[in-house]
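Q: Dropping in entry_22.cif, with mmCIF, C-alpha atoms.
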data_structure
loop_
_atom_site.label_atom_id
_atom_site.label_comp_id
_atom_site.auth_asym_id
_atom_site.auth_seq_id
_atom_site.Cartn_x
_atom_site.Cartn_y
_atom_site.Cartn_z
CA MET H 1 0.00 0.00 0.00
CA LEU H 2 1.38 3.40 -0.92
CA GLN H 3 1.75 6.08 1.72
CA SER H 4 1.00 9.63 0.85
CA PHE H 5 3.38 10.98 3.53
CA PRO H 6 6.97 9.98 4.29
CA ASP H 7 7.87 8.32 7.61
CA LYS H 8 10.29 11.10 8.53
CA MET H 9 10.17 14.72 7.59
CA ASN H 10 13.49 15.85 9.08
CA TYR H 11 16.88 14.28 9.66
CA ASN H 12 19.25 15.40 12.39
CA LEU H 13 22.61 15.28 10.62
CA LEU H 14 24.61 15.81 13.81
CA GLN H 15 22.95 12.81 15.41
CA LEU H 16 23.52 10.68 12.30
CA LYS H 17 27.19 11.65 12.33
CA GLU H 18 27.52 10.71 16.02
CA ASN H 19 25.84 7.35 15.38
CA ALA H 20 28.20 6.46 12.55
CA SER H 21 31.12 4.34 13.67
CA GLY H 22 34.48 3.50 12.12
CA ALA H 23 37.20 5.50 10.46
CA ASP H 24 35.54 5.50 7.04
CA ALA H 25 32.06 6.36 8.27
CA ASN H 26 32.11 9.78 6.61
CA GLU H 27 33.46 8.42 3.34
CA VAL H 28 31.21 7.89 0.36
CA LEU H 29 31.66 4.57 -1.44
CA PHE H 30 31.39 4.60 -5.23
CA GLU H 31 29.83 1.65 -6.99
CA GLU H 32 32.71 1.23 -9.46
CA LEU H 33 35.26 1.02 -6.61
CA GLY H 34 33.38 -1.75 -4.83
CA SER H 35 34.34 -1.98 -1.17
CA ASN H 36 37.36 0.32 -1.69
CA SER H 37 37.02 3.82 -0.34
CA PRO H 38 38.13 6.66 -2.65
CA SER H 39 40.77 7.76 -0.14
CA MET H 40 42.22 4.23 -0.02
CA VAL H 41 42.32 4.06 -3.82
CA ASN H 42 44.02 7.46 -4.00
CA THR H 43 46.54 6.37 -1.37
CA VAL H 44 47.40 3.24 -3.35
CA LEU H 45 47.70 5.23 -6.60
CA GLU H 46 49.96 7.74 -4.87
CA ALA H 47 52.11 5.01 -3.27
CA ILE H 48 52.69 3.25 -6.60
CA TYR H 49 53.44 6.57 -8.31
CA GLY H 50 55.83 7.61 -5.53
CA GLU H 51 57.62 4.23 -5.40
CA ASN H 52 58.46 4.60 -9.12
CA LYS H 53 59.99 1.13 -9.53
CA ARG H 54 60.17 -0.76 -12.78
CA ILE H 55 59.36 -4.37 -12.00
CA ILE H 56 58.33 -5.32 -15.56
CA LYS H 57 61.21 -4.91 -17.97
CA HIS H 58 59.93 -6.62 -21.11
CA ILE H 59 56.81 -4.64 -22.03
CA ASP H 60 57.53 -1.42 -23.91
CA SER H 61 57.07 0.33 -27.23
CA LYS H 62 59.56 2.64 -28.90
CA SER H 63 59.13 4.53 -32.15
CA PHE H 64 59.41 8.06 -33.53
CA GLY H 65 61.41 9.27 -30.51
CA ILE H 66 58.66 8.21 -28.08
CA ARG H 67 59.06 5.37 -25.59
CA PHE H 68 56.05 4.00 -23.72
CA LEU H 69 56.61 1.34 -21.08
CA LEU H 70 54.73 -0.63 -18.47
CA LYS H 71 56.64 -0.37 -15.21
CA GLY H 72 54.44 -2.60 -13.08
CA ILE H 73 51.14 -4.36 -12.55
CA TYR H 74 49.79 -4.36 -9.00
CA ILE H 75 46.70 -5.80 -7.39
CA HIS H 76 44.85 -4.60 -4.29
CA ASN H 77 41.27 -5.49 -3.19
CA ASP H 78 40.18 -6.86 -6.58
CA LYS H 79 41.53 -3.86 -8.51
CA LEU H 80 44.43 -3.74 -10.98
CA TYR H 81 46.86 -0.85 -10.93
CA LEU H 82 48.93 -0.37 -14.10
CA HIS H 83 52.01 1.83 -13.70
CA THR H 84 53.19 3.34 -17.00
CA GLU H 85 55.87 5.78 -18.12
CA LEU H 86 56.11 7.84 -21.29
CA ILE H 87 59.46 9.23 -22.40
CA ASN H 88 59.76 11.82 -25.15
CA CYS H 89 63.29 11.61 -26.61
CA SER H 90 62.49 14.05 -29.41
CA ASN H 91 62.36 17.83 -29.39
CA ALA H 92 58.73 17.91 -30.56
CA PRO H 93 56.11 17.86 -27.80
CA PHE H 94 53.81 14.84 -27.61
CA GLN H 95 50.19 15.83 -27.05
CA ILE H 96 48.17 12.91 -25.72
CA ASP H 97 44.72 12.49 -27.22
CA PHE H 98 43.61 9.42 -25.22
CA VAL H 99 44.68 6.09 -23.78
CA GLN H 100 42.65 2.99 -24.60
CA PHE H 101 42.66 -0.40 -22.88
CA LYS H 102 41.22 -3.34 -24.80
CA VAL H 103 41.32 -7.12 -24.82
CA VAL H 104 41.86 -8.61 -28.29
CA ASP H 105 42.63 -11.98 -29.88
CA LYS H 106 46.35 -12.73 -30.23
CA LYS H 107 46.02 -14.28 -33.64
CA ARG H 108 43.30 -13.56 -36.05
CA ALA H 109 42.40 -15.77 -38.99
CA LYS H 110 41.49 -14.12 -42.25
CA ARG H 111 37.83 -13.30 -42.72
CA THR H 112 36.87 -13.92 -39.12
CA LEU H 113 34.99 -11.74 -36.74
CA ILE H 114 37.25 -9.55 -34.62
CA GLN H 115 36.32 -9.63 -30.97
CA GLU H 116 37.50 -6.68 -28.93
CA ARG H 117 36.47 -5.71 -25.43
CA VAL H 118 37.25 -2.12 -24.44
CA LEU H 119 38.04 -1.57 -20.74
CA THR H 120 37.46 1.79 -19.11
CA PRO H 121 39.88 2.89 -16.38
CA LEU H 122 38.12 3.66 -13.10
CA ARG H 123 40.74 6.22 -12.05
CA THR H 124 43.89 7.84 -13.40
CA TYR H 125 46.43 9.27 -10.98
CA LYS H 126 47.62 12.22 -13.08
CA PRO H 127 45.76 13.89 -15.95
CA LEU H 128 47.17 13.10 -19.37
CA ASP H 129 47.83 16.09 -21.55
CA GLU H 130 51.24 16.86 -23.05
CA ILE H 131 54.85 15.84 -22.66
CA VAL H 132 57.32 18.47 -23.76
CA GLY H 133 60.44 17.53 -25.71
CA ASN H 134 63.14 15.51 -23.92
CA ALA H 135 60.99 14.82 -20.86
CA LYS H 136 59.23 11.92 -19.17
CA LYS H 137 55.99 11.41 -17.29
CA GLN H 138 54.59 8.47 -15.40
CA ASN H 139 51.04 7.55 -14.53
CA VAL H 140 48.99 4.90 -12.74
CA PHE H 141 45.69 3.57 -14.08
CA LEU H 142 43.07 1.72 -12.03
CA LEU H 143 41.04 -1.05 -13.66
CA ASN H 144 38.67 -3.69 -12.37
CA GLN H 145 40.46 -6.98 -11.86
CA PHE H 146 40.18 -9.36 -14.82
CA THR H 147 42.03 -12.23 -16.41
CA ILE H 148 42.41 -13.24 -20.03
CA SER H 149 43.02 -16.56 -21.73
CA ASP H 150 46.32 -17.48 -23.34
CA ASP H 151 45.02 -16.65 -26.80
CA LYS H 152 44.18 -13.03 -25.89
CA LEU H 153 46.16 -9.85 -25.20
CA LEU H 154 45.54 -6.68 -23.26
CA LEU H 155 46.49 -3.75 -25.49
CA ILE H 156 47.30 -0.40 -23.92
CA GLU H 157 47.16 2.10 -26.76
CA LEU H 158 48.36 5.69 -26.47
CA TYR H 159 47.23 8.05 -29.22
CA GLU H 160 48.78 11.37 -30.16
CA ASN H 161 46.50 14.32 -30.82
CA ASN H 162 46.85 15.41 -34.49
CA GLY H 163 49.79 13.05 -34.99
CA GLU H 164 50.82 9.56 -35.99
CA ARG H 165 53.21 8.61 -33.16
CA HIS H 166 50.82 6.11 -31.57
CA GLN H 167 52.24 3.62 -29.07
CA VAL H 168 50.94 0.14 -28.16
CA LEU H 169 51.83 -2.07 -25.20
CA LYS H 170 50.95 -5.78 -25.39
CA VAL H 171 50.27 -7.46 -22.05
CA GLU H 172 49.81 -11.23 -21.95
CA CYS H 173 47.89 -13.42 -19.52
CA CYS H 174 51.07 -14.52 -17.71
CA ASP H 175 51.92 -10.85 -16.97
CA LEU H 176 48.49 -10.19 -15.45
CA VAL H 177 48.63 -13.34 -13.33
CA ARG H 178 52.01 -12.25 -11.93
CA ALA H 179 50.65 -8.91 -10.71
CA LYS H 180 52.39 -7.74 -7.55
CA LEU H 181 50.17 -7.96 -4.49
CA ILE H 182 49.89 -4.91 -2.25
CA LYS H 183 49.38 -6.64 1.07
CA ASN H 184 49.07 -4.25 3.97
CA VAL H 185 47.44 -0.94 4.73
CA GLU H 186 50.77 0.90 5.02
CA LEU H 187 51.02 0.21 1.28
CA LYS H 188 54.55 -1.02 1.18
CA ILE H 189 54.84 -2.78 -2.13
CA ASN H 190 56.27 -6.24 -1.39
#
Using structure tokens, write down the structure that the file contains.
A:
Amino acid sequence: MLQSFPDKMNYNLLQLKENASGADANEVLFEELGSNSPSMVNTVLEAIYGENKRIIKHIDSKSFGIRFLLKGIYIHNDKLYLHTELINCSNAPFQIDFVQFKVVDKKRAKRTLIQERVLTPLRTYKPLDEIVGNAKKQNVFLLNQFTISDDKLLLIELYENNGERHQVLKVECCDLVRAKLIKNVELKIN
């Protein structure tokens, strides 16, 4: 049966605040982050960015004076953190149009349907805009945790605005499975 009047007309916000318990009681949880609070996610992003270690040495792309590399893959509370670095070895600035993450088939037979699944990052630590000549920038991307089969690849594609110096990183299943676990709240990467 529908009521024509609500049960409560007023809420005492001070009393609600006093009744809330726990350290994260005042924190809003976003659906895409699951049980992770935004402050925890930002802390993890900042810790990975600040650590600035290259634990993956075999995934990179280099062409036209631009080098794009994957420095590490981390996992924390069912989320993947991808640490990347972009190095501009040329004098011309590199203006970033967008970064795209997609899962594709490794090998594709002729005249077959191409199956691609585009993944949207939940968060990016630093905004992506431009890298001046002879400079470098790093970034950390947050994605929902996923795995891929051996016959698929995760492509991380970086596109230049009004240019042709696109870069592509190819990440295999074995690289995702070996993601480094961030174990404790102090966020020391072990």
Q: Evaluated on this file, the PyMOL selection byres ((chain H and resi 80) around 8) picks out some residues - which ones are they, written as a compact mmCIF listing (two decimals) with C-alpha atoms, keeping the file's coordinate frame?
A:
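Writing done, so here's selection-v4.txt:
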# COMPACT_ATOMS: atom_id res chain seq x y z
CA ILE H 73 51.14 -4.36 -12.55
CA TYR H 74 49.79 -4.36 -9.00
CA ILE H 75 46.70 -5.80 -7.39
CA HIS H 76 44.85 -4.60 -4.29
CA ASP H 78 40.18 -6.86 -6.58
CA LYS H 79 41.53 -3.86 -8.51
CA TYR H 81 46.86 -0.85 -10.93
CA LEU H 82 48.93 -0.37 -14.10
CA LEU H 142 43.07 1.72 -12.03
CA LEU H 143 41.04 -1.05 -13.66
CA ASN H 144 38.67 -3.69 -12.37
CA GLN H 145 40.46 -6.98 -11.86
Q: What would the selection look like, as a PyMOL selection string, if the PyMOL selection byres ((chain H and resi 62) around 12) were run on the coordinates I just shared?
A: chain H and resi 59-61+63-70+85-90+158+165-169
Q: Expressed in Å to a single decimal, how great is the separation between CA of Lys106 in chain H and CA of Leu119 in chain H?
A: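 Here the two named atoms are 16.8 Å from each other.
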Q: Residue by residue, what does the PyMOL selection byres ((chain H and resi 45) around 10) grab here? Present the result as an NGL selection string.
A: :H and (39-44 or 46-50 or 81-83 or 123-126 or 139-142 or 187)
Q: Please report the interatomic distance between CA of Phe94 in chain H and CA of Glu130 in chain H in Å with one decimal.
A: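 Answer for the CA of Phe94 in chain H to CA of Glu130 in chain H separation: 5.6 Å.
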Q: What is the distance, in Å and to one decimal place, between CA of Ile182 in chain H and CA of Asp129 in chain H?
A: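 Computing the Euclidean distance for CA of Ile182 in chain H and CA of Asp129 in chain H yields 28.6 Å.
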Q: Which residue is closest to Asn161 in chain H? Choose from H:Asn134, H:Gln95, H:Gln115, H:Gln100 and count all atoms listed in the file.
A: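 Looking only at the distances to Asn161 in chain H, the closest residue turns out to be H:Gln95.
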Q: Smallest atom-to-atom distance to Glu160 in chain H: which of H:Asp97, H:Glu172, H:Glu31, H:Asp105, using all atoms listed in the file?
A: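 Result for the nearest residue to Glu160 in chain H: H:Asp97.
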Q: As a ChimeraX atom specification, please: the residues near Ile56 in chain H (cut-off 6 Å, only C-alpha atoms, same-chain neighbours under 2 positions excluded).
A: /H:54,58,71-72
Q: Centre and edge lengths of an axis-aligned box around all listed atoms of range 126-131 of chain H, with 3 Å added on each side, are to be given in Å to one decimal, as JSON.
A:
{"center_x": 50.3, "center_y": 14.5, "center_z": -18.1, "size_x": 15.1, "size_y": 10.6, "size_z": 16.0}
Q: With only C-alpha atoms as the atoms that count, which of H:Thr120, H:Ser149, H:Gln138, H:Asn162 lies nearest to Glu51 in chain H?
A: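 Ranked by minimum distance to Glu51 in chain H, first place goes to H:Gln138.
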